[in-house]
Structure formats: structure tokens, C-alpha cells
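model.cif (mmCIF, N, CA and C atoms)
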data_coords
#
loop_
_atom_site.label_atom_id
_atom_site.label_comp_id
_atom_site.auth_asym_id
_atom_site.auth_seq_id
_atom_site.Cartn_x
_atom_site.Cartn_y
_atom_site.Cartn_z
N MET A 1 -33.74 -0.66 79.72
CA MET A 1 -34.58 -0.31 78.61
C MET A 1 -35.35 0.97 78.97
N LYS A 2 -35.36 1.91 78.05
CA LYS A 2 -36.02 3.19 78.27
C LYS A 2 -37.42 3.20 77.67
N LYS A 3 -38.36 3.73 78.43
CA LYS A 3 -39.74 3.92 77.96
C LYS A 3 -39.90 5.40 77.61
N THR A 4 -40.47 5.67 76.42
CA THR A 4 -40.70 7.04 75.98
C THR A 4 -42.16 7.22 75.61
N VAL A 5 -42.81 8.21 76.20
CA VAL A 5 -44.17 8.57 75.83
C VAL A 5 -44.08 9.53 74.66
N VAL A 6 -44.83 9.23 73.61
CA VAL A 6 -44.80 10.02 72.38
C VAL A 6 -46.14 10.73 72.20
N GLN A 7 -46.11 12.04 72.09
CA GLN A 7 -47.32 12.79 71.77
C GLN A 7 -47.57 12.67 70.27
N VAL A 8 -48.78 12.39 69.88
CA VAL A 8 -49.10 12.15 68.48
C VAL A 8 -49.86 13.35 67.92
N PRO A 9 -49.24 14.10 67.00
CA PRO A 9 -49.94 15.23 66.39
C PRO A 9 -51.20 14.76 65.66
N GLY A 10 -52.29 15.48 65.86
CA GLY A 10 -53.54 15.15 65.17
C GLY A 10 -54.45 14.21 65.93
N LEU A 11 -53.95 13.62 67.03
CA LEU A 11 -54.81 12.80 67.89
C LEU A 11 -55.05 13.57 69.17
N TRP A 12 -56.21 13.37 69.75
CA TRP A 12 -56.52 14.11 70.96
C TRP A 12 -55.57 13.71 72.09
N ASP A 13 -55.35 14.64 72.98
CA ASP A 13 -54.42 14.44 74.10
C ASP A 13 -55.09 13.58 75.16
N SER A 14 -54.65 12.34 75.29
CA SER A 14 -55.29 11.37 76.17
C SER A 14 -54.80 11.44 77.62
N ARG A 15 -53.82 12.30 77.89
CA ARG A 15 -53.27 12.35 79.25
C ARG A 15 -54.31 12.68 80.31
N ALA A 16 -55.32 13.47 79.95
CA ALA A 16 -56.37 13.82 80.92
C ALA A 16 -57.14 12.57 81.38
N ASN A 17 -57.08 11.51 80.57
CA ASN A 17 -57.75 10.26 80.93
C ASN A 17 -56.77 9.21 81.47
N GLY A 18 -55.54 9.61 81.69
CA GLY A 18 -54.58 8.73 82.36
C GLY A 18 -53.89 7.70 81.49
N TYR A 19 -53.78 7.95 80.19
CA TYR A 19 -53.03 7.03 79.33
C TYR A 19 -52.37 7.79 78.20
N SER A 20 -51.49 7.10 77.48
CA SER A 20 -50.76 7.69 76.36
C SER A 20 -51.22 7.04 75.06
N GLN A 21 -51.27 7.81 73.98
CA GLN A 21 -51.62 7.27 72.68
C GLN A 21 -50.52 6.38 72.12
N CYS A 22 -49.26 6.70 72.43
CA CYS A 22 -48.12 5.97 71.88
C CYS A 22 -46.98 5.93 72.89
N VAL A 23 -46.42 4.76 73.08
CA VAL A 23 -45.26 4.57 73.95
C VAL A 23 -44.26 3.71 73.19
N THR A 24 -42.99 4.09 73.25
CA THR A 24 -41.94 3.25 72.67
C THR A 24 -41.06 2.71 73.78
N ALA A 25 -40.55 1.50 73.57
CA ALA A 25 -39.65 0.87 74.53
C ALA A 25 -38.98 -0.32 73.87
N GLY A 26 -37.67 -0.42 73.99
CA GLY A 26 -36.95 -1.59 73.50
C GLY A 26 -37.14 -1.86 72.01
N GLY A 27 -37.26 -0.82 71.20
CA GLY A 27 -37.43 -1.01 69.77
C GLY A 27 -38.85 -1.34 69.35
N LEU A 28 -39.77 -1.32 70.31
CA LEU A 28 -41.19 -1.59 70.01
C LEU A 28 -42.02 -0.31 70.15
N VAL A 29 -43.13 -0.28 69.44
CA VAL A 29 -44.08 0.83 69.51
C VAL A 29 -45.42 0.25 69.95
N PHE A 30 -45.96 0.80 71.02
CA PHE A 30 -47.24 0.36 71.57
C PHE A 30 -48.26 1.46 71.33
N ILE A 31 -49.35 1.12 70.65
CA ILE A 31 -50.37 2.11 70.32
C ILE A 31 -51.65 1.80 71.09
N ALA A 32 -52.17 2.83 71.77
CA ALA A 32 -53.43 2.70 72.50
C ALA A 32 -54.58 2.51 71.51
N GLY A 33 -55.70 2.09 72.02
CA GLY A 33 -56.86 1.85 71.17
C GLY A 33 -57.24 3.06 70.34
N GLN A 34 -57.26 2.87 69.03
CA GLN A 34 -57.64 3.92 68.09
C GLN A 34 -59.05 3.66 67.59
N VAL A 35 -59.79 4.73 67.38
CA VAL A 35 -61.17 4.65 66.88
C VAL A 35 -61.33 5.58 65.68
N GLY A 36 -62.49 5.55 65.08
CA GLY A 36 -62.75 6.33 63.88
C GLY A 36 -63.17 7.76 64.18
N THR A 37 -62.28 8.50 64.82
CA THR A 37 -62.57 9.89 65.17
C THR A 37 -61.45 10.80 64.69
N THR A 38 -61.78 12.08 64.61
CA THR A 38 -60.76 13.10 64.49
C THR A 38 -60.44 13.51 65.92
N GLU A 39 -59.76 14.61 66.11
CA GLU A 39 -59.40 15.02 67.47
C GLU A 39 -60.62 15.21 68.37
N ASP A 40 -61.76 15.59 67.79
CA ASP A 40 -62.89 15.94 68.64
C ASP A 40 -64.25 15.35 68.28
N HIS A 41 -64.34 14.56 67.20
CA HIS A 41 -65.64 13.98 66.89
C HIS A 41 -65.53 12.71 66.05
N ILE A 42 -66.58 11.89 66.10
CA ILE A 42 -66.67 10.69 65.27
C ILE A 42 -66.86 11.15 63.83
N VAL A 43 -66.10 10.55 62.89
CA VAL A 43 -66.13 11.04 61.51
C VAL A 43 -67.42 10.74 60.77
N SER A 44 -68.12 9.68 61.15
CA SER A 44 -69.31 9.29 60.40
C SER A 44 -70.07 8.22 61.17
N ASP A 45 -71.33 8.03 60.83
CA ASP A 45 -72.06 6.89 61.38
C ASP A 45 -72.02 5.71 60.41
N ASP A 46 -71.15 5.80 59.40
CA ASP A 46 -70.94 4.74 58.43
C ASP A 46 -69.75 3.87 58.87
N PHE A 47 -69.94 2.56 58.93
CA PHE A 47 -68.90 1.66 59.42
C PHE A 47 -67.59 1.81 58.64
N GLU A 48 -67.64 1.72 57.33
CA GLU A 48 -66.40 1.76 56.55
C GLU A 48 -65.66 3.09 56.73
N THR A 49 -66.37 4.18 56.75
CA THR A 49 -65.72 5.49 56.94
C THR A 49 -65.01 5.54 58.29
N GLN A 50 -65.67 5.05 59.34
CA GLN A 50 -65.03 5.02 60.66
C GLN A 50 -63.79 4.15 60.66
N ILE A 51 -63.86 2.97 60.03
CA ILE A 51 -62.73 2.05 60.07
C ILE A 51 -61.56 2.62 59.28
N ARG A 52 -61.82 3.26 58.18
CA ARG A 52 -60.72 3.87 57.42
C ARG A 52 -60.09 5.02 58.22
N GLN A 53 -60.89 5.76 58.99
CA GLN A 53 -60.33 6.80 59.86
C GLN A 53 -59.53 6.16 61.00
N LEU A 54 -60.02 5.05 61.54
CA LEU A 54 -59.27 4.31 62.56
C LEU A 54 -57.88 3.98 62.02
N TRP A 55 -57.81 3.45 60.78
CA TRP A 55 -56.51 3.11 60.19
C TRP A 55 -55.65 4.34 59.96
N ALA A 56 -56.26 5.46 59.59
CA ALA A 56 -55.50 6.71 59.42
C ALA A 56 -54.91 7.15 60.76
N ASN A 57 -55.70 7.02 61.83
CA ASN A 57 -55.20 7.36 63.17
C ASN A 57 -54.08 6.40 63.59
N MET A 58 -54.24 5.13 63.27
CA MET A 58 -53.21 4.14 63.60
C MET A 58 -51.92 4.49 62.86
N ARG A 59 -52.02 4.81 61.59
CA ARG A 59 -50.86 5.18 60.79
C ARG A 59 -50.15 6.39 61.41
N ARG A 60 -50.94 7.40 61.78
CA ARG A 60 -50.39 8.62 62.39
C ARG A 60 -49.65 8.29 63.69
N ALA A 61 -50.25 7.46 64.52
CA ALA A 61 -49.62 7.10 65.80
C ALA A 61 -48.34 6.29 65.58
N LEU A 62 -48.39 5.33 64.66
CA LEU A 62 -47.19 4.53 64.37
C LEU A 62 -46.05 5.40 63.86
N GLU A 63 -46.36 6.32 62.97
CA GLU A 63 -45.32 7.19 62.42
C GLU A 63 -44.72 8.07 63.51
N ALA A 64 -45.54 8.55 64.44
CA ALA A 64 -45.02 9.34 65.56
C ALA A 64 -44.05 8.53 66.41
N GLY A 65 -44.27 7.22 66.48
CA GLY A 65 -43.41 6.34 67.25
C GLY A 65 -42.24 5.76 66.46
N GLY A 66 -42.07 6.20 65.22
CA GLY A 66 -40.94 5.72 64.41
C GLY A 66 -41.21 4.42 63.69
N SER A 67 -42.48 4.14 63.41
CA SER A 67 -42.84 2.90 62.74
C SER A 67 -43.83 3.21 61.62
N ASP A 68 -44.43 2.16 61.08
CA ASP A 68 -45.47 2.32 60.07
C ASP A 68 -46.27 1.02 59.99
N LEU A 69 -47.26 1.02 59.11
CA LEU A 69 -48.13 -0.16 58.99
C LEU A 69 -47.36 -1.41 58.57
N ASN A 70 -46.29 -1.26 57.82
CA ASN A 70 -45.50 -2.42 57.39
C ASN A 70 -44.74 -3.08 58.53
N HIS A 71 -44.62 -2.40 59.65
CA HIS A 71 -43.88 -2.93 60.80
C HIS A 71 -44.79 -3.40 61.94
N LEU A 72 -46.10 -3.45 61.68
CA LEU A 72 -47.03 -3.98 62.69
C LEU A 72 -46.72 -5.45 62.95
N VAL A 73 -46.73 -5.84 64.23
CA VAL A 73 -46.56 -7.26 64.56
C VAL A 73 -47.83 -7.84 65.20
N HIS A 74 -48.67 -6.98 65.79
CA HIS A 74 -49.91 -7.49 66.39
C HIS A 74 -50.94 -6.38 66.50
N THR A 75 -52.21 -6.74 66.25
CA THR A 75 -53.33 -5.85 66.53
C THR A 75 -54.40 -6.61 67.30
N THR A 76 -55.08 -5.88 68.16
CA THR A 76 -56.26 -6.41 68.84
C THR A 76 -57.39 -5.44 68.56
N THR A 77 -58.46 -5.95 67.97
CA THR A 77 -59.59 -5.11 67.58
C THR A 77 -60.85 -5.56 68.30
N HIS A 78 -61.53 -4.61 68.87
CA HIS A 78 -62.83 -4.85 69.50
C HIS A 78 -63.89 -4.21 68.62
N LEU A 79 -64.86 -5.00 68.20
CA LEU A 79 -65.98 -4.51 67.39
C LEU A 79 -67.22 -4.41 68.25
N SER A 80 -68.07 -3.45 67.95
CA SER A 80 -69.31 -3.32 68.71
C SER A 80 -70.23 -4.51 68.45
N ASP A 81 -70.09 -5.13 67.28
CA ASP A 81 -70.93 -6.26 66.91
C ASP A 81 -70.14 -7.15 65.95
N LEU A 82 -70.11 -8.44 66.19
CA LEU A 82 -69.36 -9.35 65.32
C LEU A 82 -69.90 -9.41 63.89
N SER A 83 -71.10 -8.92 63.67
CA SER A 83 -71.62 -8.90 62.31
C SER A 83 -70.78 -7.99 61.41
N TYR A 84 -69.97 -7.12 61.99
CA TYR A 84 -69.08 -6.25 61.22
C TYR A 84 -67.73 -6.90 60.90
N ALA A 85 -67.48 -8.09 61.42
CA ALA A 85 -66.16 -8.71 61.30
C ALA A 85 -65.71 -8.88 59.85
N ARG A 86 -66.54 -9.42 59.00
CA ARG A 86 -66.15 -9.66 57.60
C ARG A 86 -65.77 -8.35 56.92
N LYS A 87 -66.58 -7.30 57.10
CA LYS A 87 -66.28 -6.01 56.47
C LYS A 87 -64.99 -5.43 57.05
N PHE A 88 -64.79 -5.56 58.35
CA PHE A 88 -63.56 -5.08 58.96
C PHE A 88 -62.35 -5.78 58.33
N MET A 89 -62.44 -7.09 58.19
CA MET A 89 -61.32 -7.85 57.62
C MET A 89 -61.06 -7.47 56.17
N GLU A 90 -62.11 -7.21 55.40
CA GLU A 90 -61.92 -6.76 54.01
C GLU A 90 -61.18 -5.43 53.96
N ILE A 91 -61.55 -4.50 54.83
CA ILE A 91 -60.87 -3.20 54.87
C ILE A 91 -59.43 -3.38 55.33
N ARG A 92 -59.21 -4.24 56.33
CA ARG A 92 -57.85 -4.49 56.82
C ARG A 92 -56.97 -5.03 55.70
N ILE A 93 -57.47 -5.96 54.92
CA ILE A 93 -56.70 -6.51 53.79
C ILE A 93 -56.39 -5.40 52.79
N ASP A 94 -57.36 -4.54 52.51
CA ASP A 94 -57.15 -3.43 51.58
C ASP A 94 -56.08 -2.48 52.09
N VAL A 95 -56.10 -2.18 53.38
CA VAL A 95 -55.14 -1.23 53.96
C VAL A 95 -53.74 -1.83 54.05
N LEU A 96 -53.64 -3.08 54.48
CA LEU A 96 -52.33 -3.68 54.75
C LEU A 96 -51.71 -4.39 53.56
N GLY A 97 -52.50 -4.74 52.57
CA GLY A 97 -51.94 -5.47 51.43
C GLY A 97 -51.84 -6.94 51.75
N LYS A 98 -50.60 -7.43 51.88
CA LYS A 98 -50.45 -8.87 52.13
C LYS A 98 -49.47 -9.22 53.25
N ASP A 99 -48.85 -8.23 53.87
CA ASP A 99 -47.91 -8.48 54.95
C ASP A 99 -48.64 -8.24 56.27
N PHE A 100 -49.34 -9.28 56.75
CA PHE A 100 -50.26 -9.11 57.87
C PHE A 100 -49.60 -9.38 59.22
N PRO A 101 -50.01 -8.60 60.25
CA PRO A 101 -49.56 -8.89 61.61
C PRO A 101 -50.41 -10.01 62.21
N THR A 102 -50.01 -10.49 63.37
CA THR A 102 -50.90 -11.36 64.12
C THR A 102 -52.08 -10.50 64.56
N SER A 103 -53.19 -11.15 64.88
CA SER A 103 -54.38 -10.36 65.14
C SER A 103 -55.38 -11.11 66.01
N ALA A 104 -56.13 -10.34 66.77
CA ALA A 104 -57.31 -10.85 67.47
C ALA A 104 -58.44 -9.88 67.18
N VAL A 105 -59.62 -10.42 66.89
CA VAL A 105 -60.81 -9.61 66.67
C VAL A 105 -61.89 -10.14 67.60
N LEU A 106 -62.44 -9.25 68.40
CA LEU A 106 -63.47 -9.62 69.37
C LEU A 106 -64.71 -8.80 69.13
N GLY A 107 -65.87 -9.34 69.47
CA GLY A 107 -67.13 -8.63 69.24
C GLY A 107 -67.92 -8.41 70.51
N GLY A 108 -68.91 -7.55 70.40
CA GLY A 108 -69.80 -7.27 71.52
C GLY A 108 -69.29 -6.21 72.47
N ALA A 109 -68.31 -5.43 72.02
CA ALA A 109 -67.73 -4.40 72.89
C ALA A 109 -68.68 -3.23 73.08
N LYS A 110 -68.63 -2.66 74.25
CA LYS A 110 -69.34 -1.42 74.54
C LYS A 110 -68.27 -0.37 74.79
N PHE A 111 -68.34 0.71 74.04
CA PHE A 111 -67.30 1.74 74.09
C PHE A 111 -67.74 2.93 74.93
N ILE A 112 -66.77 3.63 75.47
CA ILE A 112 -67.04 4.83 76.26
C ILE A 112 -67.73 5.87 75.40
N ARG A 113 -67.27 5.98 74.15
CA ARG A 113 -67.82 6.98 73.23
C ARG A 113 -68.98 6.38 72.43
N PRO A 114 -70.19 6.87 72.59
CA PRO A 114 -71.34 6.35 71.83
C PRO A 114 -71.12 6.51 70.33
N GLY A 115 -71.57 5.52 69.55
CA GLY A 115 -71.47 5.61 68.11
C GLY A 115 -70.22 5.02 67.50
N VAL A 116 -69.28 4.59 68.35
CA VAL A 116 -68.04 3.99 67.85
C VAL A 116 -68.31 2.53 67.48
N PHE A 117 -67.83 2.11 66.31
CA PHE A 117 -68.00 0.74 65.85
C PHE A 117 -66.84 -0.18 66.23
N ALA A 118 -65.62 0.39 66.38
CA ALA A 118 -64.44 -0.45 66.60
C ALA A 118 -63.34 0.34 67.29
N GLU A 119 -62.50 -0.41 68.00
CA GLU A 119 -61.30 0.16 68.61
C GLU A 119 -60.18 -0.85 68.42
N MET A 120 -59.00 -0.35 68.01
CA MET A 120 -57.87 -1.24 67.74
C MET A 120 -56.61 -0.77 68.44
N GLN A 121 -55.96 -1.69 69.16
CA GLN A 121 -54.65 -1.47 69.75
C GLN A 121 -53.61 -2.14 68.87
N ALA A 122 -52.35 -1.71 68.96
CA ALA A 122 -51.33 -2.32 68.11
C ALA A 122 -49.97 -2.31 68.78
N ILE A 123 -49.14 -3.25 68.32
CA ILE A 123 -47.73 -3.32 68.68
C ILE A 123 -46.97 -3.42 67.36
N ALA A 124 -45.91 -2.63 67.24
CA ALA A 124 -45.09 -2.65 66.02
C ALA A 124 -43.63 -2.56 66.42
N ILE A 125 -42.76 -2.85 65.48
CA ILE A 125 -41.33 -2.62 65.69
C ILE A 125 -40.98 -1.28 65.07
N GLN A 126 -40.02 -0.59 65.68
CA GLN A 126 -39.56 0.66 65.10
C GLN A 126 -38.76 0.38 63.84
N LYS A 127 -38.83 1.26 62.87
CA LYS A 127 -38.13 1.07 61.62
C LYS A 127 -36.61 1.04 61.81
N THR A 128 -36.13 1.72 62.85
CA THR A 128 -34.69 1.76 63.09
C THR A 128 -34.20 0.66 63.99
N ALA A 129 -35.11 -0.16 64.51
CA ALA A 129 -34.72 -1.22 65.46
C ALA A 129 -34.07 -2.39 64.72
#
Would you give me this structure, written as C-alpha cells?
Amino acid sequence: MKKTVVQVPGLWDSRANGYSQCVTAGGLVFIAGQVGTTEDHIVSDDFETQIRQLWANMRRALEAGGSDLNHLVHTTTHLSDLSYARKFMEIRIDVLGKDFPTSAVLGGAKFIRPGVFAEMQAIAIQKTA
């Protein structure tokens, strides 16, 4: 089985920190933790705006790996505070529709980047697999 590191246009280059934004292997796409940022800054101090940017980043990374949101099989989301869980889930339902992946949501996370509300990792199948 071949492992391929995929550079994701529009996401910051994570290699300087020793990890890849997207890796494909065996028909699967593995996405590193995405947050509500552009390449160089947090988009807003508003929770919903950050989460929608997180999903935009996730979509971008999945597409770079040959997948999309419809092919997600699992997400793990860390929230800075569990009080955001209900709102996060409402946004997730809005973004994904009704074909949901398996999921874990955890709270109380402290992030490297100050001001981040959430970080989400994902696993998906490639559309051609």
C-alpha cells in the first residue's frame, strides 16, 4: 500500500511543524486537524463563522485528496468548551445534510493557536476507491 502526502492549496504549509494536512493511503484520505483559519489568521472571534471556515478548510483538504464531504467516514472534533457542542452539531447537520459519518466530539481542549474554538480531524474514502 502506497502512502501519498498531498499539499492542499489554500491551507498553510504544515511541514515546518512536522505534519501533513492530507495523506492518502489504501483508498482512504486522512485529514489533519482543521480549524477556522485562512492560511495566516483566524477568520473571526465568532463561533459559527470559525466553524463554517473549519468546514470550508475540511472540504478543501478532502478535495485535494480525491474525496469530498459525502465520503467522510469519521470525524473527531475537539471543542474549547463543551458548551459549544449543540451549536457545533447544528452547523454540522447543516453542512452535511443527512449522510453523517461516525463522530467523536470532545470538550475542554486547549489549542496551540489562541482564539480557536474547535479543531477537527477526518477520515474519508476516495471517490475513486
Check: Given the file above and the PyMOL selection byres ((chain A and resi 101-113) around 7), which residues are selected, and can you give them as a PyMOL selection string?
Finding: chain A and resi 72-83+99-100+114-116
Generate a file of the selected residues that holds N, CA and C atoms, formatted as a JSON list (two decimals), keeping the file's coordinate frame.
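To be explicit, this is the file written out as part20.json:
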[["chain", "number", "residue", "atom", "x", "y", "z"],
["A", 72, "LEU", "N", -46.10, -3.45, 61.68],
["A", 72, "LEU", "CA", -47.03, -3.98, 62.69],
["A", 72, "LEU", "C", -46.72, -5.45, 62.95],
["A", 73, "VAL", "N", -46.73, -5.84, 64.23],
["A", 73, "VAL", "CA", -46.56, -7.26, 64.56],
["A", 73, "VAL", "C", -47.83, -7.84, 65.20],
["A", 74, "HIS", "N", -48.67, -6.98, 65.79],
["A", 74, "HIS", "CA", -49.91, -7.49, 66.39],
["A", 74, "HIS", "C", -50.94, -6.38, 66.50],
["A", 75, "THR", "N", -52.21, -6.74, 66.25],
["A", 75, "THR", "CA", -53.33, -5.85, 66.53],
["A", 75, "THR", "C", -54.40, -6.61, 67.30],
["A", 76, "THR", "N", -55.08, -5.88, 68.16],
["A", 76, "THR", "CA", -56.26, -6.41, 68.84],
["A", 76, "THR", "C", -57.39, -5.44, 68.56],
["A", 77, "THR", "N", -58.46, -5.95, 67.97],
["A", 77, "THR", "CA", -59.59, -5.11, 67.58],
["A", 77, "THR", "C", -60.85, -5.56, 68.30],
["A", 78, "HIS", "N", -61.53, -4.61, 68.87],
["A", 78, "HIS", "CA", -62.83, -4.85, 69.50],
["A", 78, "HIS", "C", -63.89, -4.21, 68.62],
["A", 79, "LEU", "N", -64.86, -5.00, 68.20],
["A", 79, "LEU", "CA", -65.98, -4.51, 67.39],
["A", 79, "LEU", "C", -67.22, -4.41, 68.25],
["A", 80, "SER", "N", -68.07, -3.45, 67.95],
["A", 80, "SER", "CA", -69.31, -3.32, 68.71],
["A", 80, "SER", "C", -70.23, -4.51, 68.45],
["A", 81, "ASP", "N", -70.09, -5.13, 67.28],
["A", 81, "ASP", "CA", -70.93, -6.26, 66.91],
["A", 81, "ASP", "C", -70.14, -7.15, 65.95],
["A", 82, "LEU", "N", -70.11, -8.44, 66.19],
["A", 82, "LEU", "CA", -69.36, -9.35, 65.32],
["A", 82, "LEU", "C", -69.90, -9.41, 63.89],
["A", 83, "SER", "N", -71.10, -8.92, 63.67],
["A", 83, "SER", "CA", -71.62, -8.90, 62.31],
["A", 83, "SER", "C", -70.78, -7.99, 61.41],
["A", 99, "ASP", "N", -48.85, -8.23, 53.87],
["A", 99, "ASP", "CA", -47.91, -8.48, 54.95],
["A", 99, "ASP", "C", -48.64, -8.24, 56.27],
["A", 100, "PHE", "N", -49.34, -9.28, 56.75],
["A", 100, "PHE", "CA", -50.26, -9.11, 57.87],
["A", 100, "PHE", "C", -49.60, -9.38, 59.22],
["A", 114, "PRO", "N", -70.19, 6.87, 72.59],
["A", 114, "PRO", "CA", -71.34, 6.35, 71.83],
["A", 114, "PRO", "C", -71.12, 6.51, 70.33],
["A", 115, "GLY", "N", -71.57, 5.52, 69.55],
["A", 115, "GLY", "CA", -71.47, 5.61, 68.11],
["A", 115, "GLY", "C", -70.22, 5.02, 67.50],
["A", 116, "VAL", "N", -69.28, 4.59, 68.35],
["A", 116, "VAL", "CA", -68.04, 3.99, 67.85],
["A", 116, "VAL", "C", -68.31, 2.53, 67.48]]
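Across the chains present, the PyMOL selection byres ((chain A and resi 23) around 7) applied to this file returns A:Lys3, A:Thr4, A:Val5, A:Val6, A:Ser20, A:Gln21, A:Cys22, A:Thr24, A:Ala25, A:Leu28, A:Val29, A:Phe30, A:Ile31, A:Ala32, A:Gly65.
The coordinates place atom N of Asp68 of chain A at 17.6 Å from atom C of Glu119 of chain A.
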Checklist line | Which of chain A fall in alpha helix (DSSP H), as an NGL selection string | finding: :A and (47-64 or 85-96)
Dump N, CA and C atoms for the selected residues as a PDB file, keeping the file's coordinate frame?
ATOM      1  N   PHE A  47     -69.940   2.560  58.930  1.00  0.00           N
ATOM      2  CA  PHE A  47     -68.900   1.660  59.420  1.00  0.00           C
ATOM      3  C   PHE A  47     -67.590   1.810  58.640  1.00  0.00           C
ATOM      4  N   GLU A  48     -67.640   1.720  57.330  1.00  0.00           N
ATOM      5  CA  GLU A  48     -66.400   1.760  56.550  1.00  0.00           C
ATOM      6  C   GLU A  48     -65.660   3.090  56.730  1.00  0.00           C
ATOM      7  N   THR A  49     -66.370   4.180  56.750  1.00  0.00           N
ATOM      8  CA  THR A  49     -65.720   5.490  56.940  1.00  0.00           C
ATOM      9  C   THR A  49     -65.010   5.540  58.290  1.00  0.00           C
ATOM     10  N   GLN A  50     -65.670   5.050  59.340  1.00  0.00           N
ATOM     11  CA  GLN A  50     -65.030   5.020  60.660  1.00  0.00           C
ATOM     12  C   GLN A  50     -63.790   4.150  60.660  1.00  0.00           C
ATOM     13  N   ILE A  51     -63.860   2.970  60.030  1.00  0.00           N
ATOM     14  CA  ILE A  51     -62.730   2.050  60.070  1.00  0.00           C
ATOM     15  C   ILE A  51     -61.560   2.620  59.280  1.00  0.00           C
ATOM     16  N   ARG A  52     -61.820   3.260  58.180  1.00  0.00           N
ATOM     17  CA  ARG A  52     -60.720   3.870  57.420  1.00  0.00           C
ATOM     18  C   ARG A  52     -60.090   5.020  58.220  1.00  0.00           C
ATOM     19  N   GLN A  53     -60.890   5.760  58.990  1.00  0.00           N
ATOM     20  CA  GLN A  53     -60.330   6.800  59.860  1.00  0.00           C
ATOM     21  C   GLN A  53     -59.530   6.160  61.000  1.00  0.00           C
ATOM     22  N   LEU A  54     -60.020   5.050  61.540  1.00  0.00           N
ATOM     23  CA  LEU A  54     -59.270   4.310  62.560  1.00  0.00           C
ATOM     24  C   LEU A  54     -57.880   3.980  62.020  1.00  0.00           C
ATOM     25  N   TRP A  55     -57.810   3.450  60.780  1.00  0.00           N
ATOM     26  CA  TRP A  55     -56.510   3.110  60.190  1.00  0.00           C
ATOM     27  C   TRP A  55     -55.650   4.340  59.960  1.00  0.00           C
ATOM     28  N   ALA A  56     -56.260   5.460  59.590  1.00  0.00           N
ATOM     29  CA  ALA A  56     -55.500   6.710  59.420  1.00  0.00           C
ATOM     30  C   ALA A  56     -54.910   7.150  60.760  1.00  0.00           C
ATOM     31  N   ASN A  57     -55.700   7.020  61.830  1.00  0.00           N
ATOM     32  CA  ASN A  57     -55.200   7.360  63.170  1.00  0.00           C
ATOM     33  C   ASN A  57     -54.080   6.400  63.590  1.00  0.00           C
ATOM     34  N   MET A  58     -54.240   5.130  63.270  1.00  0.00           N
ATOM     35  CA  MET A  58     -53.210   4.140  63.600  1.00  0.00           C
ATOM     36  C   MET A  58     -51.920   4.490  62.860  1.00  0.00           C
ATOM     37  N   ARG A  59     -52.020   4.810  61.590  1.00  0.00           N
ATOM     38  CA  ARG A  59     -50.860   5.180  60.790  1.00  0.00           C
ATOM     39  C   ARG A  59     -50.150   6.390  61.410  1.00  0.00           C
ATOM     40  N   ARG A  60     -50.940   7.400  61.780  1.00  0.00           N
ATOM     41  CA  ARG A  60     -50.390   8.620  62.390  1.00  0.00           C
ATOM     42  C   ARG A  60     -49.650   8.290  63.690  1.00  0.00           C
ATOM     43  N   ALA A  61     -50.250   7.460  64.520  1.00  0.00           N
ATOM     44  CA  ALA A  61     -49.620   7.100  65.800  1.00  0.00           C
ATOM     45  C   ALA A  61     -48.340   6.290  65.580  1.00  0.00           C
ATOM     46  N   LEU A  62     -48.390   5.330  64.660  1.00  0.00           N
ATOM     47  CA  LEU A  62     -47.190   4.530  64.370  1.00  0.00           C
ATOM     48  C   LEU A  62     -46.050   5.400  63.860  1.00  0.00           C
ATOM     49  N   GLU A  63     -46.360   6.320  62.970  1.00  0.00           N
ATOM     50  CA  GLU A  63     -45.320   7.190  62.420  1.00  0.00           C
ATOM     51  C   GLU A  63     -44.720   8.070  63.510  1.00  0.00           C
ATOM     52  N   ALA A  64     -45.540   8.550  64.440  1.00  0.00           N
ATOM     53  CA  ALA A  64     -45.020   9.340  65.560  1.00  0.00           C
ATOM     54  C   ALA A  64     -44.050   8.530  66.410  1.00  0.00           C
ATOM     55  N   ALA A  85     -67.480  -8.090  61.420  1.00  0.00           N
ATOM     56  CA  ALA A  85     -66.160  -8.710  61.300  1.00  0.00           C
ATOM     57  C   ALA A  85     -65.710  -8.880  59.850  1.00  0.00           C
ATOM     58  N   ARG A  86     -66.540  -9.420  59.000  1.00  0.00           N
ATOM     59  CA  ARG A  86     -66.150  -9.660  57.600  1.00  0.00           C
ATOM     60  C   ARG A  86     -65.770  -8.350  56.920  1.00  0.00           C
ATOM     61  N   LYS A  87     -66.580  -7.300  57.100  1.00  0.00           N
ATOM     62  CA  LYS A  87     -66.280  -6.010  56.470  1.00  0.00           C
ATOM     63  C   LYS A  87     -64.990  -5.430  57.050  1.00  0.00           C
ATOM     64  N   PHE A  88     -64.790  -5.560  58.350  1.00  0.00           N
ATOM     65  CA  PHE A  88     -63.560  -5.080  58.960  1.00  0.00           C
ATOM     66  C   PHE A  88     -62.350  -5.780  58.330  1.00  0.00           C
ATOM     67  N   MET A  89     -62.440  -7.090  58.190  1.00  0.00           N
ATOM     68  CA  MET A  89     -61.320  -7.850  57.620  1.00  0.00           C
ATOM     69  C   MET A  89     -61.060  -7.470  56.170  1.00  0.00           C
ATOM     70  N   GLU A  90     -62.110  -7.210  55.400  1.00  0.00           N
ATOM     71  CA  GLU A  90     -61.920  -6.760  54.010  1.00  0.00           C
ATOM     72  C   GLU A  90     -61.180  -5.430  53.960  1.00  0.00           C
ATOM     73  N   ILE A  91     -61.550  -4.500  54.830  1.00  0.00           N
ATOM     74  CA  ILE A  91     -60.870  -3.200  54.870  1.00  0.00           C
ATOM     75  C   ILE A  91     -59.430  -3.380  55.330  1.00  0.00           C
ATOM     76  N   ARG A  92     -59.210  -4.240  56.330  1.00  0.00           N
ATOM     77  CA  ARG A  92     -57.850  -4.490  56.820  1.00  0.00           C
ATOM     78  C   ARG A  92     -56.970  -5.030  55.700  1.00  0.00           C
ATOM     79  N   ILE A  93     -57.470  -5.960  54.920  1.00  0.00           N
ATOM     80  CA  ILE A  93     -56.700  -6.510  53.790  1.00  0.00           C
ATOM     81  C   ILE A  93     -56.390  -5.400  52.790  1.00  0.00           C
ATOM     82  N   ASP A  94     -57.360  -4.540  52.510  1.00  0.00           N
ATOM     83  CA  ASP A  94     -57.150  -3.430  51.580  1.00  0.00           C
ATOM     84  C   ASP A  94     -56.080  -2.480  52.090  1.00  0.00           C
ATOM     85  N   VAL A  95     -56.100  -2.180  53.380  1.00  0.00           N
ATOM     86  CA  VAL A  95     -55.140  -1.230  53.960  1.00  0.00           C
ATOM     87  C   VAL A  95     -53.740  -1.830  54.050  1.00  0.00           C
ATOM     88  N   LEU A  96     -53.640  -3.080  54.480  1.00  0.00           N
ATOM     89  CA  LEU A  96     -52.330  -3.680  54.750  1.00  0.00           C
ATOM     90  C   LEU A  96     -51.710  -4.390  53.560  1.00  0.00           C
TER      91      LEU A  96
END
Checklist line | Residue neighbourhood Gln34 of chain A, 7 Å, only N, CA and C atoms, exclusion window fewer than 5 positions, as a PyMOL selection string | finding: chain A and resi 54-55+57-58+118-122
